[in-house]
>>> print(open('entry.pdb').read())   # PDB, C-alpha atoms, pLDDT in the B column
ATOM      1  CA  MET A   1       6.696 -11.438  26.323  1.00 83.00           C
ATOM      2  CA  LYS A   2       3.465 -10.809  24.469  1.00 85.00           C
ATOM      3  CA  ASP A   3       3.179  -7.347  25.998  1.00 88.00           C
ATOM      4  CA  ILE A   4       6.767  -6.493  25.125  1.00 91.00           C
ATOM      5  CA  LEU A   5       6.159  -7.443  21.496  1.00 92.00           C
ATOM      6  CA  ALA A   6       2.869  -5.534  21.374  1.00 91.00           C
ATOM      7  CA  GLY A   7       4.457  -2.496  23.021  1.00 92.00           C
ATOM      8  CA  SER A   8       7.293  -2.528  20.489  1.00 93.00           C
ATOM      9  CA  PHE A   9       4.781  -2.512  17.674  1.00 94.00           C
ATOM     10  CA  PHE A  10       2.893   0.333  19.394  1.00 94.00           C
ATOM     11  CA  ILE A  11       6.040   2.459  19.649  1.00 94.00           C
ATOM     12  CA  LEU A  12       6.995   1.724  16.031  1.00 94.00           C
ATOM     13  CA  GLY A  13       3.505   2.529  14.809  1.00 94.00           C
ATOM     14  CA  GLY A  14       3.339   5.741  16.817  1.00 94.00           C
ATOM     15  CA  LEU A  15       6.670   6.907  15.408  1.00 94.00           C
ATOM     16  CA  PHE A  16       5.624   6.162  11.847  1.00 94.00           C
ATOM     17  CA  SER A  17       2.319   7.979  12.375  1.00 93.00           C
ATOM     18  CA  LEU A  18       4.256  10.969  13.660  1.00 93.00           C
ATOM     19  CA  LEU A  19       6.475  10.791  10.575  1.00 92.00           C
ATOM     20  CA  ALA A  20       3.400  10.739   8.357  1.00 93.00           C
ATOM     21  CA  GLY A  21       2.095  13.908   9.992  1.00 93.00           C
ATOM     22  CA  LEU A  22       5.502  15.552   9.692  1.00 93.00           C
ATOM     23  CA  GLY A  23       5.745  14.541   6.047  1.00 92.00           C
ATOM     24  CA  ILE A  24       2.358  15.908   5.131  1.00 92.00           C
ATOM     25  CA  LEU A  25       3.229  19.189   6.776  1.00 91.00           C
ATOM     26  CA  ARG A  26       6.804  19.649   5.542  1.00 91.00           C
ATOM     27  CA  MET A  27       7.045  18.026   2.110  1.00 89.00           C
ATOM     28  CA  PRO A  28       7.417  20.539  -0.742  1.00 89.00           C
ATOM     29  CA  ASP A  29       4.928  19.175  -3.244  1.00 88.00           C
ATOM     30  CA  SER A  30       1.436  17.723  -3.495  1.00 88.00           C
ATOM     31  CA  PHE A  31       2.689  14.395  -4.781  1.00 89.00           C
ATOM     32  CA  THR A  32       5.484  14.014  -2.249  1.00 89.00           C
ATOM     33  CA  ARG A  33       3.000  14.872   0.484  1.00 90.00           C
ATOM     34  CA  MET A  34       0.762  12.184  -0.937  1.00 90.00           C
ATOM     35  CA  GLN A  35       3.433   9.503  -0.770  1.00 89.00           C
ATOM     36  CA  ALA A  36       4.466  10.509   2.748  1.00 87.00           C
ATOM     37  CA  ALA A  37       0.902  10.373   4.023  1.00 88.00           C
ATOM     38  CA  THR A  38       0.049   7.129   2.271  1.00 91.00           C
ATOM     39  CA  LYS A  39       3.140   5.028   2.890  1.00 91.00           C
ATOM     40  CA  ALA A  40       4.182   6.195   6.344  1.00 92.00           C
ATOM     41  CA  GLY A  41       0.603   6.503   7.567  1.00 92.00           C
ATOM     42  CA  THR A  42      -0.409   3.073   6.367  1.00 93.00           C
ATOM     43  CA  LEU A  43       2.720   1.434   7.776  1.00 94.00           C
ATOM     44  CA  GLY A  44       2.287   3.206  11.112  1.00 94.00           C
ATOM     45  CA  VAL A  45      -1.353   2.316  11.564  1.00 94.00           C
ATOM     46  CA  GLY A  46      -0.614  -1.199  10.297  1.00 94.00           C
ATOM     47  CA  CYS A  47       2.038  -1.621  13.003  1.00 94.00           C
ATOM     48  CA  LEU A  48      -0.352  -0.271  15.639  1.00 94.00           C
ATOM     49  CA  ILE A  49      -3.135  -2.667  14.686  1.00 94.00           C
ATOM     50  CA  LEU A  50      -0.700  -5.592  14.466  1.00 94.00           C
ATOM     51  CA  GLY A  51       0.278  -4.734  18.036  1.00 93.00           C
ATOM     52  CA  VAL A  52      -3.397  -4.707  19.013  1.00 93.00           C
ATOM     53  CA  ALA A  53      -3.849  -8.132  17.405  1.00 93.00           C
ATOM     54  CA  ILE A  54      -0.879  -9.494  19.375  1.00 93.00           C
ATOM     55  CA  TYR A  55      -2.092  -7.858  22.583  1.00 92.00           C
ATOM     56  CA  PHE A  56      -5.595  -9.275  22.588  1.00 89.00           C
ATOM     57  CA  ALA A  57      -4.446 -12.788  21.569  1.00 87.00           C
ATOM     58  CA  ASP A  58      -7.999 -13.911  20.982  1.00 88.00           C
ATOM     59  CA  LEU A  59      -9.167 -15.534  17.784  1.00 92.00           C
ATOM     60  CA  GLY A  60     -12.092 -13.193  17.107  1.00 91.00           C
ATOM     61  CA  ASP A  61     -10.436  -9.969  18.155  1.00 90.00           C
ATOM     62  CA  SER A  62      -7.170 -10.694  16.366  1.00 92.00           C
ATOM     63  CA  THR A  63      -9.088 -11.624  13.223  1.00 92.00           C
ATOM     64  CA  ARG A  64     -10.932  -8.319  13.343  1.00 92.00           C
ATOM     65  CA  ALA A  65      -7.667  -6.459  13.837  1.00 91.00           C
ATOM     66  CA  LEU A  66      -6.060  -8.252  10.896  1.00 92.00           C
ATOM     67  CA  LEU A  67      -9.160  -7.438   8.846  1.00 92.00           C
ATOM     68  CA  VAL A  68      -8.541  -3.746   9.520  1.00 92.00           C
ATOM     69  CA  ILE A  69      -4.957  -4.189   8.267  1.00 92.00           C
ATOM     70  CA  GLY A  70      -6.248  -5.959   5.171  1.00 92.00           C
ATOM     71  CA  PHE A  71      -8.699  -3.174   4.386  1.00 91.00           C
ATOM     72  CA  LEU A  72      -6.086  -0.480   4.919  1.00 91.00           C
ATOM     73  CA  PHE A  73      -3.473  -2.191   2.767  1.00 92.00           C
ATOM     74  CA  LEU A  74      -6.002  -2.789   0.016  1.00 92.00           C
ATOM     75  CA  THR A  75      -7.613   0.636  -0.063  1.00 91.00           C
ATOM     76  CA  ALA A  76      -4.781   3.079   0.700  1.00 91.00           C
ATOM     77  CA  PRO A  77      -2.736   2.531  -2.514  1.00 91.00           C
ATOM     78  CA  VAL A  78      -5.859   2.653  -4.672  1.00 92.00           C
ATOM     79  CA  ALA A  79      -7.027   5.879  -3.056  1.00 91.00           C
ATOM     80  CA  ALA A  80      -3.595   7.504  -3.341  1.00 91.00           C
ATOM     81  CA  TYR A  81      -3.303   6.483  -6.982  1.00 91.00           C
ATOM     82  CA  ILE A  82      -6.703   7.922  -7.839  1.00 91.00           C
ATOM     83  CA  ILE A  83      -6.026  11.199  -6.031  1.00 91.00           C
ATOM     84  CA  ALA A  84      -2.605  11.513  -7.673  1.00 89.00           C
ATOM     85  CA  ARG A  85      -4.076  10.892 -11.116  1.00 88.00           C
ATOM     86  CA  ALA A  86      -6.831  13.444 -10.551  1.00 87.00           C
ATOM     87  CA  ALA A  87      -4.342  16.004  -9.218  1.00 87.00           C
ATOM     88  CA  TYR A  88      -2.058  15.477 -12.197  1.00 86.00           C
ATOM     89  CA  HIS A  89      -4.956  15.838 -14.586  1.00 83.00           C
ATOM     90  CA  ILE A  90      -6.118  19.152 -13.211  1.00 82.00           C
ATOM     91  CA  GLY A  91      -2.560  20.499 -13.426  1.00 78.00           C
ATOM     92  CA  VAL A  92      -1.338  20.680  -9.837  1.00 79.00           C
ATOM     93  CA  PRO A  93       2.232  22.059 -10.126  1.00 79.00           C
ATOM     94  CA  LEU A  94       5.176  19.782  -9.467  1.00 82.00           C
ATOM     95  CA  TRP A  95       8.051  20.649  -7.181  1.00 82.00           C
ATOM     96  CA  SER A  96      10.804  22.711  -8.823  1.00 81.00           C
ATOM     97  CA  GLY A  97      13.355  20.018  -7.958  1.00 78.00           C
ATOM     98  CA  THR A  98      11.451  17.250  -9.702  1.00 79.00           C
ATOM     99  CA  VAL A  99      13.933  15.150 -11.689  1.00 79.00           C
ATOM    100  CA  ILE A 100      11.699  13.121 -13.964  1.00 79.00           C
ATOM    101  CA  ASP A 101       8.169  13.692 -15.237  1.00 77.00           C
ATOM    102  CA  GLU A 102       7.310  10.900 -17.605  1.00 75.00           C
ATOM    103  CA  LEU A 103       3.878  12.276 -18.486  1.00 74.00           C
ATOM    104  CA  LYS A 104       5.100  15.771 -19.375  1.00 74.00           C
ATOM    105  CA  ASP A 105       4.387  15.468 -23.098  1.00 72.00           C
ATOM    106  CA  SER A 106       1.169  13.575 -22.560  1.00 70.00           C
ATOM    107  CA  PRO A 107      -2.062  15.341 -23.490  1.00 67.00           C
ATOM    108  CA  ASP A 108      -3.521  14.167 -20.164  1.00 64.00           C
ATOM    109  CA  ARG A 109      -1.738  16.954 -18.335  1.00 67.00           C
ATOM    110  CA  GLY A 110      -4.200  19.679 -17.484  1.00 59.00           C
ATOM    111  CA  ILE A 111      -7.082  17.968 -19.227  1.00 53.00           C
ATOM    112  CA  GLY A 112      -9.453  18.985 -16.447  1.00 47.00           C
ATOM    113  CA  GLU A 113      -9.098  22.700 -17.081  1.00 48.00           C
ATOM    114  CA  ASP A 114      -9.231  22.211 -20.844  1.00 47.00           C
ATOM    115  CA  ASP A 115     -12.341  20.164 -20.420  1.00 47.00           C
ATOM    116  CA  GLN A 116     -13.963  23.010 -18.540  1.00 45.00           C
ATOM    117  CA  ILE A 117     -12.980  25.427 -21.305  1.00 42.00           C
ATOM    118  CA  MET A 118     -14.258  23.024 -23.943  1.00 41.00           C
ATOM    119  CA  ARG A 119     -17.574  22.679 -22.250  1.00 41.00           C
ATOM    120  CA  GLY A 120     -17.893  26.435 -22.131  1.00 41.00           C
ATOM    121  CA  ALA A 121     -16.902  26.801 -25.801  1.00 40.00           C
ATOM    122  CA  GLY A 122     -19.519  24.345 -26.984  1.00 39.00           C
ATOM    123  CA  GLY A 123     -17.580  21.117 -27.419  1.00 39.00           C
ATOM    124  CA  ALA A 124     -15.124  22.307 -30.061  1.00 39.00           C
ATOM    125  CA  GLY A 125     -12.402  20.014 -28.778  1.00 40.00           C
ATOM    126  CA  ALA A 126     -14.536  17.173 -27.497  1.00 40.00           C
ATOM    127  CA  GLN A 127     -12.971  14.642 -29.831  1.00 41.00           C
ATOM    128  CA  LYS A 128      -9.520  15.590 -28.517  1.00 42.00           C
ATOM    129  CA  ALA A 129     -10.660  14.939 -24.975  1.00 42.00           C
ATOM    130  CA  SER A 130     -12.268  11.626 -25.822  1.00 41.00           C
ATOM    131  CA  ALA A 131      -9.220  10.522 -27.792  1.00 43.00           C
ATOM    132  CA  SER A 132      -6.717  11.444 -25.108  1.00 45.00           C
ATOM    133  CA  ASP A 133      -8.491  10.368 -21.957  1.00 46.00           C
ATOM    134  CA  HIS A 134     -11.067   7.653 -21.600  1.00 46.00           C
ATOM    135  CA  THR A 135     -12.013   8.777 -18.103  1.00 47.00           C
ATOM    136  CA  THR A 136     -12.920  12.288 -19.137  1.00 45.00           C
ATOM    137  CA  PRO A 137     -16.697  12.494 -19.271  1.00 48.00           C
ATOM    138  CA  ASN A 138     -17.986  13.439 -22.657  1.00 47.00           C
ATOM    139  CA  PRO A 139     -20.435  16.271 -22.110  1.00 49.00           C
ATOM    140  CA  GLU A 140     -22.423  15.524 -25.281  1.00 47.00           C
ATOM    141  CA  PRO A 141     -22.584  11.803 -26.055  1.00 48.00           C
ATOM    142  CA  ALA A 142     -23.176  11.377 -29.761  1.00 47.00           C
ATOM    143  CA  THR A 143     -26.228   9.180 -29.588  1.00 48.00           C
ATOM    144  CA  GLY A 144     -28.112  10.975 -32.342  1.00 46.00           C
ATOM    145  CA  ASP A 145     -31.115  11.695 -30.167  1.00 47.00           C
ATOM    146  CA  GLU A 146     -33.022  14.896 -30.400  1.00 46.00           C
ATOM    147  CA  PRO A 147     -31.950  17.436 -27.760  1.00 47.00           C
ATOM    148  CA  ARG A 148     -34.460  18.015 -25.075  1.00 46.00           C
ATOM    149  CA  THR A 149     -36.812  20.824 -25.744  1.00 47.00           C
ATOM    150  CA  PRO A 150     -36.610  23.571 -23.163  1.00 49.00           C
ATOM    151  CA  ASP A 151     -40.305  23.378 -22.306  1.00 53.00           C
ATOM    152  CA  HIS A 152     -40.017  19.747 -21.223  1.00 51.00           C
ATOM    153  CA  ASP A 153     -39.687  19.468 -17.475  1.00 54.00           C
ATOM    154  CA  PRO A 154     -38.238  16.077 -16.449  1.00 53.00           C
ATOM    155  CA  ASP A 155     -39.184  16.616 -12.820  1.00 58.00           C
ATOM    156  CA  ASP A 156     -42.840  17.173 -13.601  1.00 55.00           C
ATOM    157  CA  PRO A 157     -44.697  13.825 -13.683  1.00 56.00           C
ATOM    158  CA  THR A 158     -47.615  15.316 -15.587  1.00 57.00           C
ATOM    159  CA  ASP A 159     -45.393  16.539 -18.429  1.00 52.00           C
ATOM    160  CA  ARG A 160     -45.027  13.477 -20.682  1.00 47.00           C
TER     161      ARG A 160
ATOM    162  CA  MET B   1      -8.871   1.995  33.321  1.00 47.00           C
ATOM    163  CA  THR B   2      -9.633  -1.611  34.084  1.00 51.00           C
ATOM    164  CA  ALA B   3      -7.716  -3.873  36.388  1.00 50.00           C
ATOM    165  CA  ASP B   4      -6.665  -6.467  33.819  1.00 67.00           C
ATOM    166  CA  LEU B   5      -4.694  -4.011  31.709  1.00 75.00           C
ATOM    167  CA  THR B   6      -1.188  -5.436  31.434  1.00 77.00           C
ATOM    168  CA  MET B   7       0.185  -2.632  29.305  1.00 78.00           C
ATOM    169  CA  PRO B   8       1.579   0.473  31.053  1.00 86.00           C
ATOM    170  CA  VAL B   9      -0.933   3.246  30.649  1.00 88.00           C
ATOM    171  CA  VAL B  10       1.845   5.801  30.148  1.00 90.00           C
ATOM    172  CA  LEU B  11       2.907   4.040  26.956  1.00 91.00           C
ATOM    173  CA  LEU B  12      -0.636   4.041  25.603  1.00 92.00           C
ATOM    174  CA  ASP B  13      -1.053   7.705  26.468  1.00 92.00           C
ATOM    175  CA  ALA B  14       2.228   8.495  24.720  1.00 93.00           C
ATOM    176  CA  ILE B  15       1.067   6.666  21.579  1.00 93.00           C
ATOM    177  CA  ILE B  16      -2.241   8.535  21.661  1.00 94.00           C
ATOM    178  CA  GLY B  17      -0.273  11.775  22.003  1.00 94.00           C
ATOM    179  CA  MET B  18       1.849  10.894  18.961  1.00 93.00           C
ATOM    180  CA  LEU B  19      -1.270  10.148  16.935  1.00 94.00           C
ATOM    181  CA  ALA B  20      -2.892  13.374  18.101  1.00 95.00           C
ATOM    182  CA  PHE B  21       0.215  15.311  17.063  1.00 94.00           C
ATOM    183  CA  GLY B  22       0.095  13.709  13.636  1.00 93.00           C
ATOM    184  CA  ILE B  23      -3.591  14.572  13.315  1.00 94.00           C
ATOM    185  CA  ALA B  24      -2.818  18.162  14.355  1.00 95.00           C
ATOM    186  CA  MET B  25      -0.121  18.523  11.693  1.00 94.00           C
ATOM    187  CA  SER B  26      -2.448  17.020   9.133  1.00 94.00           C
ATOM    188  CA  ALA B  27      -5.141  19.503  10.158  1.00 94.00           C
ATOM    189  CA  ILE B  28      -2.677  22.339   9.581  1.00 94.00           C
ATOM    190  CA  ARG B  29      -2.132  21.002   6.062  1.00 93.00           C
ATOM    191  CA  LEU B  30      -5.908  20.729   5.677  1.00 93.00           C
ATOM    192  CA  TYR B  31      -6.141  24.419   6.513  1.00 93.00           C
ATOM    193  CA  LEU B  32      -3.139  25.596   4.462  1.00 90.00           C
ATOM    194  CA  GLY B  33      -3.222  23.228   1.518  1.00 79.00           C
ATOM    195  CA  PRO B  34      -2.724  25.169  -1.724  1.00 86.00           C
ATOM    196  CA  SER B  35      -4.636  22.707  -3.865  1.00 86.00           C
ATOM    197  CA  LEU B  36      -7.729  20.612  -3.297  1.00 88.00           C
ATOM    198  CA  ALA B  37      -5.691  17.398  -3.621  1.00 89.00           C
ATOM    199  CA  ASP B  38      -3.625  18.399  -0.582  1.00 91.00           C
ATOM    200  CA  ARG B  39      -6.774  18.830   1.453  1.00 92.00           C
ATOM    201  CA  VAL B  40      -8.143  15.476   0.344  1.00 92.00           C
ATOM    202  CA  VAL B  41      -4.875  13.762   1.265  1.00 92.00           C
ATOM    203  CA  ALA B  42      -4.897  15.505   4.642  1.00 93.00           C
ATOM    204  CA  LEU B  43      -8.431  14.272   5.313  1.00 93.00           C
ATOM    205  CA  ASP B  44      -7.372  10.776   4.289  1.00 92.00           C
ATOM    206  CA  LEU B  45      -4.448  10.843   6.706  1.00 93.00           C
ATOM    207  CA  ILE B  46      -6.691  12.157   9.505  1.00 94.00           C
ATOM    208  CA  ALA B  47      -9.063   9.236   8.976  1.00 93.00           C
ATOM    209  CA  THR B  48      -6.186   6.726   8.839  1.00 93.00           C
ATOM    210  CA  LEU B  49      -4.695   7.999  12.076  1.00 94.00           C
ATOM    211  CA  SER B  50      -8.163   7.953  13.641  1.00 94.00           C
ATOM    212  CA  VAL B  51      -8.329   4.228  12.876  1.00 93.00           C
ATOM    213  CA  GLY B  52      -5.066   3.758  14.766  1.00 93.00           C
ATOM    214  CA  MET B  53      -6.316   5.890  17.635  1.00 94.00           C
ATOM    215  CA  ILE B  54      -9.484   3.805  17.922  1.00 94.00           C
ATOM    216  CA  ALA B  55      -7.335   0.653  18.047  1.00 93.00           C
ATOM    217  CA  ILE B  56      -5.131   2.055  20.842  1.00 93.00           C
ATOM    218  CA  TYR B  57      -8.212   3.212  22.713  1.00 93.00           C
ATOM    219  CA  SER B  58      -9.670  -0.290  22.518  1.00 93.00           C
ATOM    220  CA  VAL B  59      -6.493  -1.564  24.189  1.00 92.00           C
ATOM    221  CA  LYS B  60      -6.597   1.158  26.813  1.00 91.00           C
ATOM    222  CA  THR B  61     -10.199   0.518  27.804  1.00 91.00           C
ATOM    223  CA  SER B  62      -9.987  -3.296  27.258  1.00 90.00           C
ATOM    224  CA  MET B  63     -12.942  -3.108  24.885  1.00 90.00           C
ATOM    225  CA  PRO B  64     -12.076  -5.099  21.742  1.00 89.00           C
ATOM    226  CA  VAL B  65     -15.540  -4.377  20.344  1.00 92.00           C
ATOM    227  CA  LEU B  66     -14.182  -1.007  19.230  1.00 92.00           C
ATOM    228  CA  LEU B  67     -12.214  -2.777  16.498  1.00 92.00           C
ATOM    229  CA  LEU B  68     -15.501  -3.064  14.599  1.00 93.00           C
ATOM    230  CA  VAL B  69     -15.665   0.729  14.617  1.00 93.00           C
ATOM    231  CA  ALA B  70     -12.151   0.784  13.150  1.00 92.00           C
ATOM    232  CA  ILE B  71     -13.230  -1.576  10.351  1.00 92.00           C
ATOM    233  CA  VAL B  72     -16.220   0.601   9.466  1.00 93.00           C
ATOM    234  CA  LEU B  73     -14.136   3.785   9.556  1.00 92.00           C
ATOM    235  CA  ALA B  74     -11.500   2.246   7.277  1.00 91.00           C
ATOM    236  CA  LEU B  75     -14.171   1.379   4.712  1.00 90.00           C
ATOM    237  CA  ILE B  76     -15.979   4.732   4.860  1.00 91.00           C
ATOM    238  CA  MET B  77     -12.640   6.532   4.514  1.00 90.00           C
ATOM    239  CA  PHE B  78     -11.975   4.763   1.233  1.00 91.00           C
ATOM    240  CA  LEU B  79     -15.379   5.664  -0.173  1.00 92.00           C
ATOM    241  CA  GLY B  80     -14.987   9.299   0.818  1.00 91.00           C
ATOM    242  CA  THR B  81     -11.560   9.538  -0.773  1.00 90.00           C
ATOM    243  CA  ILE B  82     -12.787   8.006  -4.030  1.00 91.00           C
ATOM    244  CA  ALA B  83     -15.717  10.419  -4.093  1.00 91.00           C
ATOM    245  CA  PHE B  84     -13.382  13.391  -3.564  1.00 89.00           C
ATOM    246  CA  ALA B  85     -11.058  12.167  -6.317  1.00 89.00           C
ATOM    247  CA  LEU B  86     -13.934  11.932  -8.766  1.00 89.00           C
ATOM    248  CA  TYR B  87     -15.003  15.414  -7.698  1.00 88.00           C
ATOM    249  CA  ILE B  88     -11.514  16.736  -8.423  1.00 85.00           C
ATOM    250  CA  GLN B  89     -11.388  15.053 -11.805  1.00 83.00           C
ATOM    251  CA  LYS B  90     -14.815  16.287 -12.884  1.00 82.00           C
ATOM    252  CA  GLY B  91     -13.493  19.810 -12.810  1.00 70.00           C
ATOM    253  CA  ALA B  92     -13.484  21.336  -9.357  1.00 61.00           C
ATOM    254  CA  PRO B  93     -11.431  24.519  -8.999  1.00 59.00           C
ATOM    255  CA  PRO B  94      -7.888  23.520  -8.007  1.00 54.00           C
TER     256      PRO B  94
END
>>> encode(input="entry.pdb", output="structure tokens")
Amino acid sequence: MKDILAGSFFILGGLFSLLAGLGILRMPDSFTRMQAATKAGTLGVGCLILGVAIYFADLGDSTRALLVIGFLFLTAPVAAYIIARAAYHIGVPLWSGTVIDELKDSPDRGIGEDDQIMRGAGGAGAQKASASDHTTPNPEPATGDEPRTPDHDPDDPTDR
Amino acid sequence: MTADLTMPVVLLDAIIGMLAFGIAMSAIRLYLGPSLADRVVALDLIATLSVGMIAIYSVKTSMPVLLLVAIVLALIMFLGTIAFALYIQKGAPP
């Protein structure tokens, strides 16, 4: 009985893992690939490890297996969200059949490239970047300190 | 492998084959991937499926100690993905 249940979870998990691989290969867009890999992959591996926990039927081993599920279910959505936000910020193109893009008019779109241009142009639009995105690193924090003189070597311990 | 394995080995080998096929398709996306985010997601999926493969291998060899390896790999995978995401956002070429 225990083996039948564990084997069912193994088959389900293997099929979902296969679907995750198929989704990441065949989906048309970066963001749809992201959701296929994250949701199907996490569910598949979660089913596999739940089957392992049922199969071993030992307190220590099943606790370790459930700990793996806990880590996966905690970390996979956070990681996918952060990658999706970073990809949207650097202007990865959406699929042509995308129905709704709620951040289209937001100044966050493509802020990564603009930030590179701003850094090259000498911080002309630095206040725009700091006003639109709190995660964008400000290349010149306005602390009022004197800029470092070029002859000062911070790696040289004798140069104080 | 061992005598006290109550699961049919053919089933475990089939599951390992499915996981290997998923890893292979993800590796194709890692090679093709038009943007850096696609490659990071492909690496993330490879690591996730590796966790599942370690779990199945621990059943196949009757070595539940390997679940500790799966725990460590799940944690390291998260750190690597976060580091790649910060690298993308700090202005890597797309």
>>> residues_around(input="entry.pdb", residues="Leu72 (chain A)", least_positions_apart="5", cutoff="8 Å", atoms="all atoms listed in the file", output="JSON, numbers by chain")
{"A": [42, 46], "B": [74]}
>>> atom_distance(input="entry.pdb", atom1="CA of Ile23 (chain B)", atom2="CA of Gly60 (chain A)")
29.3 Å
>>> residues_around(input="entry.pdb", residues="region 54-59 of chain B", least_positions_apart="2", cutoff="9 Å", atoms="all atoms listed in the file", output="ChimeraX atom specification")
/A:10,45,48-49,52,55-56,65 /B:5,7,12-13,15-16,49-52,61-67,69-70
>>> closest_residue(input="entry.pdb", among="B:Leu73, B:Ala85, B:Val9, B:Leu30", to="chain A", atoms="only C-alpha atoms")
B:Ala85
>>> closest_atom_pairs(input="entry.pdb", of="chain A", to="chain B", cutoff="7 Å", atoms="only C-alpha atoms", output="JSON lines")
{"residue": "A:Asp3", "atom": "CA", "partner": "B:Met7", "partner_atom": "CA", "distance": 6.5}
{"residue": "A:Phe10", "atom": "CA", "partner": "B:Ile15", "partner_atom": "CA", "distance": 6.9}
{"residue": "A:Ile11", "atom": "CA", "partner": "B:Ile15", "partner_atom": "CA", "distance": 6.8}
{"residue": "A:Gly14", "atom": "CA", "partner": "B:Ile15", "partner_atom": "CA", "distance": 5.4}
{"residue": "A:Ser17", "atom": "CA", "partner": "B:Leu19", "partner_atom": "CA", "distance": 6.2}
{"residue": "A:Leu18", "atom": "CA", "partner": "B:Gly22", "partner_atom": "CA", "distance": 5.0}
{"residue": "A:Ala20", "atom": "CA", "partner": "B:Gly22", "partner_atom": "CA", "distance": 6.9}
{"residue": "A:Gly21", "atom": "CA", "partner": "B:Gly22", "partner_atom": "CA", "distance": 4.2}
{"residue": "A:Leu22", "atom": "CA", "partner": "B:Met25", "partner_atom": "CA", "distance": 6.7}
{"residue": "A:Ile24", "atom": "CA", "partner": "B:Ser26", "partner_atom": "CA", "distance": 6.4}
{"residue": "A:Leu25", "atom": "CA", "partner": "B:Arg29", "partner_atom": "CA", "distance": 5.7}
{"residue": "A:Ser30", "atom": "CA", "partner": "B:Asp38", "partner_atom": "CA", "distance": 5.9}
{"residue": "A:Met34", "atom": "CA", "partner": "B:Val41", "partner_atom": "CA", "distance": 6.3}
{"residue": "A:Ala37", "atom": "CA", "partner": "B:Leu45", "partner_atom": "CA", "distance": 6.0}
{"residue": "A:Gly41", "atom": "CA", "partner": "B:Leu45", "partner_atom": "CA", "distance": 6.7}
{"residue": "A:Val45", "atom": "CA", "partner": "B:Gly52", "partner_atom": "CA", "distance": 5.1}
{"residue": "A:Leu48", "atom": "CA", "partner": "B:Gly52", "partner_atom": "CA", "distance": 6.3}
{"residue": "A:Ile49", "atom": "CA", "partner": "B:Ala55", "partner_atom": "CA", "distance": 6.3}
{"residue": "A:Val52", "atom": "CA", "partner": "B:Ala55", "partner_atom": "CA", "distance": 6.7}
{"residue": "A:Asp61", "atom": "CA", "partner": "B:Pro64", "partner_atom": "CA", "distance": 6.3}
{"residue": "A:Arg64", "atom": "CA", "partner": "B:Leu67", "partner_atom": "CA", "distance": 6.5}
{"residue": "A:Ala65", "atom": "CA", "partner": "B:Leu67", "partner_atom": "CA", "distance": 6.4}
{"residue": "A:Val68", "atom": "CA", "partner": "B:Ile71", "partner_atom": "CA", "distance": 5.2}
{"residue": "A:Phe71", "atom": "CA", "partner": "B:Ala74", "partner_atom": "CA", "distance": 6.8}
{"residue": "A:Leu72", "atom": "CA", "partner": "B:Ala74", "partner_atom": "CA", "distance": 6.5}
{"residue": "A:Thr75", "atom": "CA", "partner": "B:Phe78", "partner_atom": "CA", "distance": 6.1}
{"residue": "A:Ala79", "atom": "CA", "partner": "B:Ile82", "partner_atom": "CA", "distance": 6.2}
{"residue": "A:Ile82", "atom": "CA", "partner": "B:Ala85", "partner_atom": "CA", "distance": 6.3}
{"residue": "A:Ile83", "atom": "CA", "partner": "B:Ala85", "partner_atom": "CA", "distance": 5.1}
{"residue": "A:Ala86", "atom": "CA", "partner": "B:Gln89", "partner_atom": "CA", "distance": 5.0}
{"residue": "A:Ala87", "atom": "CA", "partner": "B:Ala37", "partner_atom": "CA", "distance": 5.9}
{"residue": "A:Ile90", "atom": "CA", "partner": "B:Gln89", "partner_atom": "CA", "distance": 6.8}
{"residue": "A:Gly112", "atom": "CA", "partner": "B:Gly91", "partner_atom": "CA", "distance": 5.5}
{"residue": "A:Glu113", "atom": "CA", "partner": "B:Gly91", "partner_atom": "CA", "distance": 6.8}
{"residue": "A:Gln116", "atom": "CA", "partner": "B:Gly91", "partner_atom": "CA", "distance": 6.6}
>>> atom_distance(input="entry.pdb", atom1="CA of Leu43 (chain A)", atom2="CA of Phe16 (chain A)")
6.9 Å
>>> atom_distance(input="entry.pdb", atom1="CA of Ile69 (chain A)", atom2="CA of Pro28 (chain A)")
29.1 Å
>>> closest_residue(input="entry.pdb", among="A:Tyr88, A:Phe9, A:Tyr81, A:Phe73", to="Glu102 (chain A)", atoms="only C-alpha atoms")
A:Tyr88
